[in-house]
Amino acid sequence: MRILIAPDSYKESLSAAAVAAAIEAGFREIWPQAHYRCLPMADGGEGTVDAMLDAMGGHRLSATVSGPLGELVLAEFGLLADGRTAVMEMAAASGLALVAEGQRNPLEASSRGTGELIGAALDAGARHLILGIGGSATNDGGCGAAQALGVRFLDAAGTALTGPPMSWLDRLARIDVSHRDPRLAGTTLEVACDVDNPLLGPNGASAIFGPQKGADPAMVAQLDQRLACLADRIAADLAIDVHQLAGGGAAGGMGAGAVALLGGHLRSGVEIVSGTVDLAAAVREADLVVTGEGRIDGQSIHGKTPVGVAKVAKQYGRPVIAIAGALGEGYQAVLEAGIDAVFSTANQGLSRQQMFERAATSVQAVAREIAAGLRLGTRLSS
């Protein structure tokens with residue numbers, strides 16, 4: 001048997017490579033003679049830099065940038081072997097994991113550090129940027145990042161607005177891109193999305209992703225209203241309509257902001273990574289594909305890694321099993337999107353922190369049970 005293991009990371013606990021290693025260890029307990037290939041994946045969130053460097057070669061660089069709440073953080077990015085392509089993750093500069101749970105507040109968070117990280121990549125000579133925007137702590141429509149790259153946001157008096165964008169977006173009267181970093185004009189900016197949600201409304205950035213960033217229902221409504229103000233001004237001043245742009249709601253509206261304010265192009269993150277690592281070739285050589293991520297729910301069909309992997313696997317008729325840290329509401333939707341079976345490592349007797357600490361052991365144990373079930377099925381059918 002040839003088994004391809006192609007998972008994403010488990011956010012805040014295991015890297016994609018660590019998840020793959022745990023799955024392989026579990027399977028090997030039952031199928032020691034099988035041929036295994038681990039191909040860590042990503043969809044624009046954490047692990048995107050690792051996946052691209054592993055596939056293409058290159059080296060890591062780092063820059064000190066503003067964190068989500070203004071503190072300084074050291075953020076890494078990858079400069080690929082061609083010397084002109086930089087791969088970076090918004091999570092490294094403006095990520096949810098950088099903010100303690102009790103301090104998460106999207107009204108006070110800014111994506112400024114992501115813009116500073118883009119500036120560092122431009123300083124390093126990159127003119128093709130791949131920006132993964134999963135895992136953000138922000139909901140500012142990319143305004144903070146745009147400010148770091150020279151875009152000015154003005155009030156009715158023509159005064160530049162400063163501070164966390166969500167504190168002033170309801171006073172925004174004009175967007176001025178005349179001072180935007182001129183290097184962006186000669187740069188291709190690919191924005192790797194892991195979702196296709198629009199900017200606004202019940203499926204938008206604030207409603208769907210705001211709560212995990214610390215927003216209560218009243219704050220969600222406030223965030224959505226202020227992003228609507230931004231979308232209206234973008235339409236009026238830049239003649240770009242991002243109100244219902246697919247993927248515009250990714251990373252708290254960074255998808256929309258990157259397109260309108262920075263000249264970026266939205267692409268499926270998992271498709272970018274899949275093409276780079278040649279997932280299709282690996283799938284063709286496999287009998288079984290195992291994937292997964294930290295949480296699988298109804299949103300997983302909108303650009304997440306497991307479904308992206310399954311789409312490729314189904315082109316070649318390969319069965320797909322997914323292992324998740326947890327299963328959320330509507331997870332059954334992935335069973336109609338190419339995944340044949342879904343398993344969870346969650347243990348109801350453990351706290352969230354304990355589950356994080358034991359994640360690798362839990363993944364290995366579930367993988368072992370899956371392998372044992374496959375072996376039993378093989379015996380019964382023979």
# chains A, B, ... in the order shown; residues from 1 in each chain; ligands from 1
>>> closest_atom_pairs(of="region 258-347 of chain A", to="region 47-53 of chain A", cutoff="12 Å", atoms="only C-alpha atoms", output="CSV")
residue,atom,partner,partner_atom,distance
A:Gly269,CA,A:Thr48,CA,8.4
A:Val270,CA,A:Thr48,CA,9.1
A:Glu271,CA,A:Thr48,CA,11.5
A:Ile272,CA,A:Met52,CA,9.3
A:Val273,CA,A:Met52,CA,6.8
A:Ser274,CA,A:Ala51,CA,9.4
A:Gly275,CA,A:Met52,CA,10.1
A:Thr276,CA,A:Met52,CA,6.8
A:Val277,CA,A:Met52,CA,7.3
A:Asp278,CA,A:Met52,CA,11.0
A:Leu279,CA,A:Ala51,CA,11.4
A:Glu293,CA,A:Gly47,CA,11.5
A:Thr305,CA,A:Thr48,CA,11.1
>>> write_last_selection(atoms="C-alpha atoms", output="short mmCIF file (atom, residue, chain, number, x, y, z; two decimals), in the first residue's frame")
data_model
loop_
_atom_site.label_atom_id
_atom_site.label_comp_id
_atom_site.auth_asym_id
_atom_site.auth_seq_id
_atom_site.Cartn_x
_atom_site.Cartn_y
_atom_site.Cartn_z
CA GLY A 269 -4.05 29.34 -1.07
CA VAL A 270 -4.32 25.59 -1.28
CA GLU A 271 -4.19 25.77 -5.08
CA ILE A 272 -1.00 27.86 -4.95
CA VAL A 273 0.65 25.40 -2.58
CA SER A 274 -0.71 22.32 -4.39
CA GLY A 275 0.71 23.51 -7.67
CA THR A 276 4.07 24.37 -6.16
CA VAL A 277 4.57 21.04 -4.38
CA ASP A 278 3.03 19.10 -7.33
CA LEU A 279 0.35 17.45 -5.23
CA GLU A 293 -6.40 20.22 9.89
CA THR A 305 -6.69 22.36 2.84
#
>>> residues_around(residues="region 260-265 of chain A", least_positions_apart="3", cutoff="6 Å", atoms="only C-alpha atoms", output="list in words")
Leu189, Glu190, Val191 and Gly257 of chain A
>>> atom_distance(atom1="CA of Thr291 (chain A)", atom2="CA of Gln33 (chain A)")
20.3 Å
>>> residues_around(residues="region 222-228 of chain A", least_positions_apart="4", cutoff="9 Å", atoms="only C-alpha atoms", output="number ranges by chain")
A: 106-107, 139-141, 166, 168-170, 199-201, 204-207, 210, 215, 217-218, 232-233, 243, 253
>>> select_by_dssp(residues="region 6-233 of chain A", states="strand (DSSP E)", output="PyMOL selection string")
chain A and resi 35-38+58-66+72-80+85-89+128-132+152-154+174-176+188-193
>>> closest_residue(among="A:Ser94, A:Thr85, A:Ser110, A:Gln147", to="Gly134 (chain A)", atoms="only C-alpha atoms")
A:Ser94
>>> residues_around(residues="Val283 (chain A)", least_positions_apart="5", cutoff="12 Å", atoms="only C-alpha atoms", output="ChimeraX atom specification")
/A:2-6,36-39,274,277-278,288-291,309-320
>>> closest_atom_pairs(of="region 6-125 of chain A", to="region 339-352 of chain A", cutoff="12 Å", atoms="only C-alpha atoms", output="Markdown table")
| residue | atom | partner | partner_atom | distance |
| --- | --- | --- | --- | --- |
| A:Tyr10 | CA | A:Thr345 | CA | 11.1 |
| A:Glu12 | CA | A:Arg352 | CA | 10.9 |
| A:Ser13 | CA | A:Arg352 | CA | 10.5 |
| A:Val19 | CA | A:Thr345 | CA | 11.7 |
| A:Ala22 | CA | A:Thr345 | CA | 11.9 |
| A:Ile23 | CA | A:Thr345 | CA | 11.5 |
>>> residues_around(residues="Asp155 (chain A)", least_positions_apart="5", cutoff="10 Å", atoms="only C-alpha atoms", output="ChimeraX atom specification")
/A:160-161,168-175
>>> select_by_dssp(residues="region 85-214 of chain A", states="helix (DSSP H, G or I)", output="NGL selection string")
:A and (90-94 or 96-98 or 101-103 or 112-123 or 143-148 or 165-167 or 169-171 or 182-186 or 205-209 or 211-213)
>>> closest_residue(among="A:Ser62, A:Gln103, A:Ser111, A:Ser15", to="Gly45 (chain A)", atoms="only C-alpha atoms")
A:Ser15
>>> closest_atom_pairs(of="region 136-181 of chain A", to="region 70-81 of chain A", cutoff="12 Å", atoms="only C-alpha atoms", output="JSON lines")
{"residue": "A:Thr138", "atom": "CA", "partner": "A:Gly70", "partner_atom": "CA", "distance": 11.8}
{"residue": "A:Gly144", "atom": "CA", "partner": "A:Gly70", "partner_atom": "CA", "distance": 10.7}
{"residue": "A:Gly163", "atom": "CA", "partner": "A:Gly70", "partner_atom": "CA", "distance": 9.4}
{"residue": "A:Pro164", "atom": "CA", "partner": "A:Gly70", "partner_atom": "CA", "distance": 8.9}
>>> closest_residue(among="A:Met1, A:Ala120, A:Val99, A:Ala34", to="Thr64 (chain A)", atoms="only C-alpha atoms")
A:Ala120
